[in-house]
Structures are given as structure tokens and as C-alpha cells.
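See below for the structure under consideration.
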Amino acid sequence: MKKIYFLILCFSWSIVYAQTIDYKKAPKKEGSNYFEIVEEVRQQIALKKQSSNFTKADIKAEKQFERWAYYWKDRVDAQGNFPNELLGYYNAGLINADGSINSQNTAARSGQSQQQWMNVGPQTVPDANGYPNFPQMGRLTNFMRFTKVPSDENVLFVSAPNGGIWKSTDNGNTWAPKLDFIAGIGVTDMRSASSDANNPGTIYVSTGDYDADHIKSIGVLKSTDFGETFQSTGLTFSLADRESTSNLIVIDDNTVVVGTNQYIKKTTDGGATWTNVYTHPYNDAQIGKFHKNGTNIMCADSWGGLMFSSDNGTTWSAIKPEGVSYERHSVTADAATGIFYVQAKSGQISTYNPNATTPSLNTLGNATTNYNPQGAYNMALVVKDGLIISGGVDGINSDNNGGVWYVTLNNAWEDNTSNGSYGHADIHEMGYLDSGYSFWAVNDGGLIYMDYPTKSEEKPTVEYKSDGVLITQLYSVAISPQ
């Protein structure tokens with residue numbers, strides 16, 4: 001009987017310990033209660049201490065939890081509710097309770113502020129150690145280019161998950177911030193239906209940090225003066241919503257599609273009103289990573305689902321049912337063929353041809369060798385004429401439909417004997433640039449252009465374009481009304 005009792009006790013502990021909540025993510029989840037979390041985790045720790053299997057790793061884990069508990073004990077309210085990370089903007093009068101920008105207050109603050117900030121470093125590699133690459137800094141989430149003649153007057157925009165929007169009017173030689181009146185605001189995406197600097201159209205902005213969830217969304221903004229000023233649209237979120245918004249599909253100046261935690265939303269009146277065109281069965285799906293070709297749009301969600309629309313996002317159907325595998329996907333399309341490419345977190349790529357008699361997902365080649373998206377923190381994909389570039393921690397290519405993969409953007413690159421060319425770690429988005437095999441990518445170090453002379457080239461030319469975008473990958477932001 002004693003042996004049976006011991007087995008039952010061990011089995012019961014394994015169940016309890018396996019159900020330990022992820023307390024680090026609790027402050028960002030609606031309904032999380034500090035006091036309940038602390039009590040539950042401490043009970044689990046105490047139970048494990050009664051066994052003989054309390055390891056050094058467990059001791060370390062307990063210390064980490066108690067540091068977390070100490071940090072939050074004076075920051076939650078009397079009921080144990082966690083504050084919203086957007087509360088600082090509200091307290092400073094920068095946003096209203098519904099998440100919309102307080103345009104009157106922000107305009108006044110921008111006009112009155114005479115403070116100038118100077119970058120104090122690091123601006124050079126402190127200790128090169130044989131590492132010759134430019135000291136890139138600052139995670140970026142997306143890039144737009146508006147062409148002009150001559151090309152050195154091209155207008156560029158980049159967005160940052162904690163650094164707002166930056167604009168260059170000289171093809172990337174110099175940059176200026178355009179959302180500093182909301183200091184540290186997160187931007188997931190920015191899009192326009194145009195790419196002509198002489199007729200840029202309306203620019204739409206999806207706020208927050210979709211990839212890492214460091215800051216929540218206040219909705220979708222818009223600019224009608226080429227990114228000089230921004231206003232809230234009708235899609236805003238209150239401080240209690242803890243919402244996310246995905247990348248955008250901008251069909252024209254008035255028609256936009258975006259994903260939220262549970263809905264795909266569409267506006268046809270320039271953002272004044274938004275309609276829920278798809279409702280997800282889960283309220284934490286974080287629908288996103290849309291891609292468009294013609295009138296066809298495909299997107300994924302964090303539960304493993306894939307959705308498709310053939311009418312510019314008005315109606316949707318599920319290609320891959322939600323919840324089949326808890327696995328986010330990255331989606332892109334070959335502009336020439338209209339075939340969609342989908343990559344799962346496992347690295348496996350599948351294709352979906354909407355023009356086929358019976359469209360279906362079809363596995364392509366082999367899973368990407370050494371693919372590491374860090375969960376779903378960095379997942380990007382671009383395809384052209386059979387060349388597939390998969391962006392995770394590194395950029396990994398195939399020129400034979402996924403049969404063989406090789407590294408061409410290598411964050412561990414040291415010299416010309418290393419695989420590929422240097423590319424800063426953690427790629428978040430990629431896209432077409434110029435003719436041939438020329439592309440752009442944004443990563444944890446900024447914006448790069450990369451050019452492959454041929455599909456089989458394993459050492460592309462890489463140009464760093466965001467020198468002067470002085471943002472850092474912030475993990476916390478403090479804001480003072482002064």
C-alpha cells in the first residue's frame with residue numbers, strides 16, 4: 001500500500017506542477033488577478049518542496065517568481081487587478097479613455113515642447129572582436145517606400161513596436177520621428193494603397209506590438225498629409241480591452257482590412273465605421289499576418305487556423321480549421337502566379353492555389369533546415385519566381401521548392417568564410433523591392449535591402465538603411481506629463 005500511495009502522490013504532483021500558470025504573461029491577460037496567482041503558485045511551490053525532487057532549477061524558479069511578485073505587489077490595485085500598459089498615456093492626457101488620440105492635447109504638447117534628445121550610444125561597436133558589422137539597433141516591424149525621380153528623393157517610412165513611426169525624405173540618408181507626441185507608442189504596421197511619392201494617398205497605422213505583445217493596441221490611426229500628423233479612426237480600444245491589431249490590407253483610401261483578437265474587421269468609409277466580417281471561435285486568436293494578391297486575401301491566427309477571402313475581405317472561409325494545432329503561420333503570395341505560400345512554426349511550407357479546380361493546402365518540399373521563429377516572435381516569408389526566403393532568427397533560402405535550404409542572412413556571420421551574408425537576428429517582415437531578386441526586410445536591428453544576383457546566390461548584397469532611426473528595443477516605458 002505504501003508503494004501505491006507513493007505512486008499516487010508523485011502522479012498527483014506531476015499534474016499540479018504541469019498546470020502551473022504562466023505568471024509572466026498574466027499582467028497582459030484580461031481577468032488575471034495578482035492575489036490569486038501568488039497564492040496558487042506559492043501553493044504549488046510548497047507542494048513540490050514536500051517531495052524530495054526540489055532541484056536547483058526549482059530554487060532558481062522560486063526566486064524568479066518571488067521577484068516578480070515583489071515587483072507587482074505595489075503596482076496592482078486593491079483588488080489585485082493589473083494596470084494596463086497604456087495607462088501612462090491616459091494619465092498624461094495623450095489618449096482618451098476609449099483609446100482615441102486626444103488630438104487637442106497632443107498638438108498643444110508638441111507645439112510647446114522645446115526639448116531635444118541626443119543619442120548617446122552605443123554608436124560604435126565597443127569591442128569588435130573580429131566582428132566587422134555595423135552596430136545595428138532597434139527592432140522594426142514594417143517598411144514603406146514611396147518612389148520619386150530622382151531616386152535619392154524616395155520617401156521611406158519604418159515602424160517600431162515601441163518607437164512609433166520614422167520618415168525619411170532622402171531615400172534613408174536621414175530620418176525623423178513622426179509619432180513622438182505619443183512617446184514610446186507601439187506600431188505593428190503601416191500601409192497605403194499607393195507607392196507614388198507625388199500621390200501617396202491615405203496612410204493607415206495598426207498600433208501595438210503584434211509579434212511580441214510588449215504593448216497593446218489603441219486601434220487604427222490614419223494620416224492624410226503623408227505621415228506628418230496622425231488621427232484616430234473609428235476603431236479604437238479602451239484601456240480595459242487589452243486588444244491587438246494585426247498588419248493591414250489597404251485596398252484603397254477608404255477600404256481597409258485588419259485583424260484583432262477575435263475579429264476580422266473591414267471599413268469602406270475611411271475608418272469612420274468598421275464591420276466585423278469574420279468572428280473567430282476563440283477570443284484570443286490574434287488574427288493576423290494578412291497577405292493579398294488581386295482580390296484574394298489569406299491570413300492566419302495563433303490557434304493554427306488559416307482563413308481565405310476571394311472578395312477583398314468581405315466574406316471569409318476557413319482553409320484550415322482553428323484549433324487543429326496551436327501553431328501560428330506566416331503567409332505570403334507569389335505576385336506572378338497568385339499562389340499563396342504558408343509556413344508553420346515547424347518550418348514546413350505548404351502552397352494554396354486559389355485558382356485550382358479544388359483549392360487545397362499542399363505540402364511543399366522539406367521543412368526549413370534550422371528554422372527558428374522563437375515561437376511566433378519572428379515569422380516572415382517572401383517568394384519570387386521559385387525563390388523562397390524564410391525569415392526567422394536567420395534568413396534561410398530555397399531555390400528548388402523547399403528541397404534544399406541554406407542560410408543567406410546569417411546573424412552569426414563573421415567573415416566571408418561564414419554561410420551567407422550578415423543579417424541582424426530576428427526577421428519580422430519582408431517584401432519586394434526592385435526588379436530581379438531584390439527585397440527588403442525589417443529585423444531586430446532595423447531595415448535592410450538585400451539583392452540576390454541569381455536565385456541560387458548564397459551571399460546576397462546587404463545594405464543597412466535605418467542608420468539614424470534612433471529607437472531601441474524597449475522592454476518598459478515610463479512617461480511623465482512634464
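By convention here, the chains of the C-alpha cells are called A, B, ... in the order presented, each chain's residues are numbered starting at 1, and ligands are numbered starting at 1 in the order presented.
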Neighbour list for Gly395 of chain A as a PDB file with C-alpha atoms, in the first residue's frame, cut-off 8 Å, only C-alpha atoms, skip fewer than 4 positions in-chain:
```pdb
ATOM      1  CA  ILE A 389      13.172  33.309 -48.407  1.00  0.00           C
ATOM      2  CA  SER A 390      12.059  32.254 -44.944  1.00  0.00           C
ATOM      3  CA  GLY A 391      12.731  34.728 -42.137  1.00  0.00           C
ATOM      4  CA  VAL A 407      21.382  30.303 -44.819  1.00  0.00           C
ATOM      5  CA  THR A 408      21.815  33.578 -46.734  1.00  0.00           C
ATOM      6  CA  LEU A 409      21.102  36.105 -43.936  1.00  0.00           C
ATOM      7  CA  ASN A 410      23.263  34.995 -41.030  1.00  0.00           C
ATOM      8  CA  GLY A 423      21.795  39.981 -41.422  1.00  0.00           C
ATOM      9  CA  ILE A 427      13.306  38.964 -39.111  1.00  0.00           C
TER      10      ILE A 427
END
```
For this session: Please run DSSP on the backbone and report, as an NGL selection string, all residues within segment 267-427 of chain A that come out as strand (DSSP E or B).
Result: :A and (267 or 275-279 or 288-293 or 296-300 or 306-309 or 317-320 or 329-333 or 340-344 or 349-352 or 361-364 or 380-384 or 387-391 or 395-398 or 406-410 or 421-422 or 427)
Problem set entry | Separation of atom CA of Phe82 of chain A from atom CA of Glu62 of chain A in Å |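 Interatomic distance, atom CA of Glu62 of chain A to atom CA of Phe82 of chain A: 21.1 Å.
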For segment 396-462 of chain A versus segment 340-349 of chain A, which residues have an atom no more than 12 Å away, and what is each residue's nearest atom pair and distance in Å rounded to one decimal, using only C-alpha atoms, chain-then-number order, as CSV?
```
residue,atom,partner,partner_atom,distance
A:Ile396,CA,A:Gly347,CA,10.4
A:Asn397,CA,A:Gly347,CA,11.9
A:Ser398,CA,A:Ile349,CA,11.1
A:Asn401,CA,A:Ile349,CA,9.3
A:Gly402,CA,A:Ile349,CA,7.7
A:Gly403,CA,A:Ile349,CA,10.8
A:Trp405,CA,A:Gly347,CA,10.9
```
Create the file for the chosen residues now, containing N, CA and C atoms and written as a CSV table (one decimal), in the first residue's frame.
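Printed below is out.csv as written:
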```csv
chain,number,residue,atom,x,y,z
A,396,ILE,N,16.7,32.1,-44.4
A,396,ILE,CA,17.0,30.8,-44.9
A,396,ILE,C,16.3,30.6,-46.3
A,397,ASN,N,17.1,30.2,-47.3
A,397,ASN,CA,16.5,30.2,-48.7
A,397,ASN,C,16.4,28.8,-49.3
A,398,SER,N,15.5,28.7,-50.3
A,398,SER,CA,15.5,27.6,-51.1
A,398,SER,C,15.2,28.0,-52.5
A,401,ASN,N,12.1,24.8,-54.6
A,401,ASN,CA,10.8,24.5,-54.0
A,401,ASN,C,10.9,23.7,-52.6
A,402,GLY,N,11.8,24.1,-51.8
A,402,GLY,CA,11.9,23.6,-50.5
A,402,GLY,C,12.7,22.3,-50.4
A,403,GLY,N,13.3,21.8,-51.5
A,403,GLY,CA,14.1,20.6,-51.4
A,403,GLY,C,15.3,20.7,-50.6
A,405,TRP,N,17.7,23.7,-48.3
A,405,TRP,CA,17.7,25.1,-47.7
A,405,TRP,C,19.1,25.5,-47.3
```
Exercise. Segment 157-169 of chain A: which residues within 8 Å, counting only C-alpha atoms, same-chain residues fewer than 5 positions away excluded, as JSON, numbers by chain?
Worked result: {"A": [138, 139, 140, 141, 142, 143, 144, 145, 174, 175, 176, 177, 178, 179, 180, 183, 184, 185, 186, 187, 188, 189, 190, 208, 209, 214, 215, 227, 447, 469, 471, 472, 473, 474]}
Would you mind exporting the chosen residues as a CSV table (one decimal), in the first residue's frame, restricted to N, CA and C atoms?
```csv
chain,number,residue,atom,x,y,z
A,138,GLY,N,17.6,48.5,-32.8
A,138,GLY,CA,16.2,48.9,-32.8
A,138,GLY,C,15.3,48.0,-33.6
A,139,ARG,N,14.4,47.3,-33.0
A,139,ARG,CA,13.5,46.4,-33.7
A,139,ARG,C,12.5,47.2,-34.5
A,140,LEU,N,12.3,46.8,-35.8
A,140,LEU,CA,11.3,47.5,-36.6
A,140,LEU,C,10.3,46.4,-37.1
A,141,THR,N,9.1,46.9,-37.4
A,141,THR,CA,8.0,46.0,-37.7
A,141,THR,C,7.6,46.0,-39.2
A,142,ASN,N,7.8,47.2,-39.8
A,142,ASN,CA,7.4,47.2,-41.2
A,142,ASN,C,8.1,48.4,-41.9
A,143,PHE,N,7.9,48.4,-43.3
A,143,PHE,CA,8.6,49.4,-44.1
A,143,PHE,C,7.7,49.8,-45.3
A,144,MET,N,7.7,51.0,-45.7
A,144,MET,CA,7.0,51.5,-46.9
A,144,MET,C,8.0,52.4,-47.7
A,145,ARG,N,8.0,52.3,-49.0
A,145,ARG,CA,8.7,53.2,-49.9
A,145,ARG,C,7.8,53.8,-50.9
A,174,THR,N,18.7,60.3,-44.0
A,174,THR,CA,18.4,60.9,-42.7
A,174,THR,C,16.9,60.5,-42.3
A,175,TRP,N,16.6,60.5,-41.0
A,175,TRP,CA,15.3,60.1,-40.6
A,175,TRP,C,14.8,61.0,-39.5
A,176,ALA,N,13.5,61.1,-39.4
A,176,ALA,CA,12.8,62.0,-38.4
A,176,ALA,C,11.6,61.2,-37.8
A,177,PRO,N,11.4,61.3,-36.5
A,177,PRO,CA,10.2,60.7,-35.9
A,177,PRO,C,9.0,61.4,-36.2
A,178,LYS,N,7.9,60.7,-36.3
A,178,LYS,CA,6.6,61.3,-36.7
A,178,LYS,C,5.5,61.0,-35.7
A,179,LEU,N,5.7,60.2,-34.7
A,179,LEU,CA,4.7,59.9,-33.7
A,179,LEU,C,5.2,60.2,-32.3
A,180,ASP,N,6.2,61.1,-32.1
A,180,ASP,CA,6.8,61.3,-30.8
A,180,ASP,C,5.8,62.0,-29.8
A,183,ALA,N,4.8,59.3,-26.8
A,183,ALA,CA,6.2,58.7,-26.6
A,183,ALA,C,6.1,57.2,-26.4
A,184,GLY,N,6.9,56.5,-27.1
A,184,GLY,CA,7.0,55.1,-26.9
A,184,GLY,C,5.8,54.3,-27.4
A,185,ILE,N,5.0,54.8,-28.3
A,185,ILE,CA,3.8,54.1,-28.8
A,185,ILE,C,4.3,52.9,-29.7
A,186,GLY,N,3.5,51.9,-29.6
A,186,GLY,CA,3.9,50.7,-30.4
A,186,GLY,C,3.2,50.8,-31.8
A,187,VAL,N,3.9,50.4,-32.8
A,187,VAL,CA,3.3,50.3,-34.2
A,187,VAL,C,3.6,49.0,-34.8
A,188,THR,N,2.5,48.2,-35.1
A,188,THR,CA,2.7,46.9,-35.8
A,188,THR,C,2.8,47.0,-37.3
A,189,ASP,N,2.1,48.0,-37.9
A,189,ASP,CA,2.1,48.0,-39.3
A,189,ASP,C,1.6,49.4,-39.8
A,190,MET,N,2.0,49.7,-41.0
A,190,MET,CA,1.5,50.9,-41.7
A,190,MET,C,1.4,50.7,-43.2
A,208,GLY,N,0.3,49.0,-31.5
A,208,GLY,CA,0.6,47.9,-30.6
A,208,GLY,C,1.8,47.2,-31.1
A,209,ASP,N,2.0,46.0,-30.6
A,209,ASP,CA,3.1,45.1,-30.9
A,209,ASP,C,2.6,43.7,-31.1
A,214,HIS,N,4.5,43.4,-26.4
A,214,HIS,CA,5.0,44.3,-25.4
A,214,HIS,C,4.1,45.4,-25.0
A,215,ILE,N,3.3,45.8,-26.0
A,215,ILE,CA,2.4,46.9,-25.7
A,215,ILE,C,1.1,46.7,-26.5
A,227,GLY,N,2.0,61.3,-43.6
A,227,GLY,CA,2.7,60.9,-42.4
A,227,GLY,C,3.2,62.0,-41.5
A,447,LEU,N,16.3,48.1,-40.7
A,447,LEU,CA,15.9,47.9,-42.1
A,447,LEU,C,17.1,47.6,-42.9
A,469,VAL,N,17.7,56.0,-37.4
A,469,VAL,CA,16.5,55.7,-36.7
A,469,VAL,C,16.8,55.3,-35.3
A,471,ILE,N,15.9,54.4,-32.3
A,471,ILE,CA,15.0,53.7,-31.4
A,471,ILE,C,15.7,52.5,-30.8
A,472,THR,N,15.3,52.1,-29.6
A,472,THR,CA,15.8,50.9,-29.1
A,472,THR,C,14.7,49.9,-28.8
A,473,GLN,N,15.0,48.6,-28.6
A,473,GLN,CA,14.0,47.6,-28.3
A,473,GLN,C,13.7,47.7,-26.8
A,474,LEU,N,12.8,48.6,-26.5
A,474,LEU,CA,12.4,48.9,-25.1
A,474,LEU,C,11.6,47.8,-24.5
```
Exercise. Counting only C-alpha atoms, which of A:Tyr210, A:Thr267, A:Asp451, A:Ser223 gets nearest to Glu429 of chain A?
Worked result: A:Tyr210
For this session: May I ask for the distance between atom CA of Asn171 of chain A and atom CA of Pro150 of chain A, given in Å to one decimal place?
Result: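 Computed distance, atom CA of Asn171 of chain A to atom CA of Pro150 of chain A, equals 9.9 Å.
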For this session: Mind giving me the straight-line distance from atom CA of Leu248 of chain A to atom CA of Phe290 of chain A in Å, one decimal?
Result: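 We find that atom CA of Leu248 of chain A and atom CA of Phe290 of chain A lie 7.0 Å from each other.
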Exercise. Quick one: of A:Ile101, A:Val257, A:Ala318, A:Ile287, who's nearest to Thr229 of chain A, counting only C-alpha atoms?
Worked result: A:Ile101
For this session: Name the residues in contact with Ala425 of chain A at a cut-off of 12 Å, using only C-alpha atoms, excluding same-chain residues fewer than 5 positions from it; report them as an NGL selection string.
Result: :A and (136-140 or 372-374 or 377-379 or 391-396 or 409-413 or 441-448)
For this session: Considering only C-alpha atoms, return as an NGL selection string whatever protein or nucleic-acid residues lie within 12 Å of Tyr89 of chain A, sequence-local ones (same chain, fewer than 2 positions apart) excluded.
Result: :A and (84-87 or 91-102 or 105-106 or 181-186 or 215-216 or 218 or 238-239 or 477-481)
For this session: Once DSSP has gone over the backbone, tell me which residues of segment 40-92 of chain A are in alpha helix (DSSP H), as a ChimeraX atom specification.
Result: /A:40-50,56-73,87-91
Would you put the residues from that selection into a file with N, CA and C atoms, as an mmCIF file, in the first residue's frame?
```
data_model
loop_
_atom_site.group_PDB
_atom_site.id
_atom_site.type_symbol
_atom_site.label_atom_id
_atom_site.label_comp_id
_atom_site.auth_asym_id
_atom_site.auth_seq_id
_atom_site.Cartn_x
_atom_site.Cartn_y
_atom_site.Cartn_z
ATOM 1 N N GLU A 40 -1.760 30.686 -5.739
ATOM 2 C CA GLU A 40 -1.699 29.417 -6.463
ATOM 3 C C GLU A 40 -0.262 28.956 -6.683
ATOM 4 N N VAL A 41 0.606 29.874 -7.149
ATOM 5 C CA VAL A 41 1.984 29.481 -7.432
ATOM 6 C C VAL A 41 2.720 29.105 -6.146
ATOM 7 N N ARG A 42 2.490 29.845 -5.075
ATOM 8 C CA ARG A 42 3.159 29.518 -3.809
ATOM 9 C C ARG A 42 2.680 28.173 -3.266
ATOM 10 N N GLN A 43 1.425 27.842 -3.449
ATOM 11 C CA GLN A 43 0.937 26.539 -3.037
ATOM 12 C C GLN A 43 1.612 25.424 -3.835
ATOM 13 N N GLN A 44 1.787 25.654 -5.129
ATOM 14 C CA GLN A 44 2.443 24.654 -5.972
ATOM 15 C C GLN A 44 3.901 24.469 -5.571
ATOM 16 N N ILE A 45 4.560 25.582 -5.277
ATOM 17 C CA ILE A 45 5.959 25.500 -4.843
ATOM 18 C C ILE A 45 6.057 24.768 -3.508
ATOM 19 N N ALA A 46 5.161 25.096 -2.576
ATOM 20 C CA ALA A 46 5.180 24.437 -1.265
ATOM 21 C C ALA A 46 4.934 22.944 -1.398
ATOM 22 N N LEU A 47 4.028 22.561 -2.296
ATOM 23 C CA LEU A 47 3.749 21.150 -2.504
ATOM 24 C C LEU A 47 4.964 20.424 -3.049
ATOM 25 N N LYS A 48 5.658 21.050 -3.964
ATOM 26 C CA LYS A 48 6.830 20.385 -4.515
ATOM 27 C C LYS A 48 7.958 20.305 -3.493
ATOM 28 N N LYS A 49 8.050 21.299 -2.617
ATOM 29 C CA LYS A 49 9.080 21.256 -1.580
ATOM 30 C C LYS A 49 8.887 20.069 -0.641
ATOM 31 N N GLN A 50 7.644 19.594 -0.517
ATOM 32 C CA GLN A 50 7.385 18.438 0.337
ATOM 33 C C GLN A 50 7.931 17.156 -0.258
ATOM 34 N N LYS A 56 17.883 22.445 -7.951
ATOM 35 C CA LYS A 56 18.451 23.785 -8.023
ATOM 36 C C LYS A 56 17.675 24.654 -9.008
ATOM 37 N N ALA A 57 17.218 24.019 -10.076
ATOM 38 C CA ALA A 57 16.411 24.759 -11.049
ATOM 39 C C ALA A 57 15.116 25.249 -10.417
ATOM 40 N N ASP A 58 14.525 24.428 -9.551
ATOM 41 C CA ASP A 58 13.304 24.833 -8.859
ATOM 42 C C ASP A 58 13.578 25.983 -7.894
ATOM 43 N N ILE A 59 14.730 25.943 -7.211
ATOM 44 C CA ILE A 59 15.107 27.028 -6.307
ATOM 45 C C ILE A 59 15.233 28.335 -7.087
ATOM 46 N N LYS A 60 15.866 28.262 -8.253
ATOM 47 C CA LYS A 60 16.019 29.441 -9.097
ATOM 48 C C LYS A 60 14.658 29.943 -9.574
ATOM 49 N N ALA A 61 13.786 29.001 -9.973
ATOM 50 C CA ALA A 61 12.456 29.387 -10.448
ATOM 51 C C ALA A 61 11.658 30.068 -9.353
ATOM 52 N N GLU A 62 11.806 29.577 -8.108
ATOM 53 C CA GLU A 62 11.097 30.200 -6.993
ATOM 54 C C GLU A 62 11.583 31.635 -6.773
ATOM 55 N N LYS A 63 12.899 31.844 -6.864
ATOM 56 C CA LYS A 63 13.449 33.196 -6.694
ATOM 57 C C LYS A 63 12.932 34.131 -7.781
ATOM 58 N N GLN A 64 12.874 33.630 -9.006
ATOM 59 C CA GLN A 64 12.375 34.458 -10.098
ATOM 60 C C GLN A 64 10.916 34.837 -9.875
ATOM 61 N N PHE A 65 10.127 33.877 -9.395
ATOM 62 C CA PHE A 65 8.723 34.176 -9.143
ATOM 63 C C PHE A 65 8.579 35.207 -8.031
ATOM 64 N N GLU A 66 9.341 35.060 -6.954
ATOM 65 C CA GLU A 66 9.217 35.998 -5.841
ATOM 66 C C GLU A 66 9.664 37.403 -6.239
ATOM 67 N N ARG A 67 10.630 37.508 -7.146
ATOM 68 C CA ARG A 67 10.995 38.823 -7.667
ATOM 69 C C ARG A 67 9.826 39.427 -8.438
ATOM 70 N N TRP A 68 9.182 38.582 -9.242
ATOM 71 C CA TRP A 68 8.014 39.029 -9.997
ATOM 72 C C TRP A 68 6.922 39.488 -9.038
ATOM 73 N N ALA A 69 6.661 38.716 -7.996
ATOM 74 C CA ALA A 69 5.623 39.053 -7.027
ATOM 75 C C ALA A 69 5.954 40.356 -6.299
ATOM 76 N N TYR A 70 7.224 40.553 -5.973
ATOM 77 C CA TYR A 70 7.635 41.778 -5.282
ATOM 78 C C TYR A 70 7.464 42.994 -6.192
ATOM 79 N N TYR A 71 7.819 42.823 -7.462
ATOM 80 C CA TYR A 71 7.703 43.929 -8.414
ATOM 81 C C TYR A 71 6.264 44.393 -8.523
ATOM 82 N N TRP A 72 5.310 43.458 -8.593
ATOM 83 C CA TRP A 72 3.928 43.818 -8.882
ATOM 84 C C TRP A 72 3.102 44.165 -7.650
ATOM 85 N N LYS A 73 3.575 43.846 -6.438
ATOM 86 C CA LYS A 73 2.709 43.981 -5.267
ATOM 87 C C LYS A 73 2.254 45.419 -5.023
ATOM 88 N N LEU A 87 -1.922 52.897 -19.604
ATOM 89 C CA LEU A 87 -2.449 53.825 -18.614
ATOM 90 C C LEU A 87 -1.634 55.109 -18.550
ATOM 91 N N GLY A 88 -0.315 55.012 -18.757
ATOM 92 C CA GLY A 88 0.532 56.200 -18.719
ATOM 93 C C GLY A 88 0.120 57.233 -19.749
ATOM 94 N N TYR A 89 -0.278 56.780 -20.942
ATOM 95 C CA TYR A 89 -0.725 57.707 -21.981
ATOM 96 C C TYR A 89 -2.018 58.407 -21.562
ATOM 97 N N TYR A 90 -2.897 57.648 -20.923
ATOM 98 C CA TYR A 90 -4.160 58.226 -20.466
ATOM 99 C C TYR A 90 -3.924 59.236 -19.343
ATOM 100 N N ASN A 91 -3.081 58.857 -18.373
ATOM 101 C CA ASN A 91 -2.795 59.756 -17.252
ATOM 102 C C ASN A 91 -2.125 61.046 -17.717
#
```
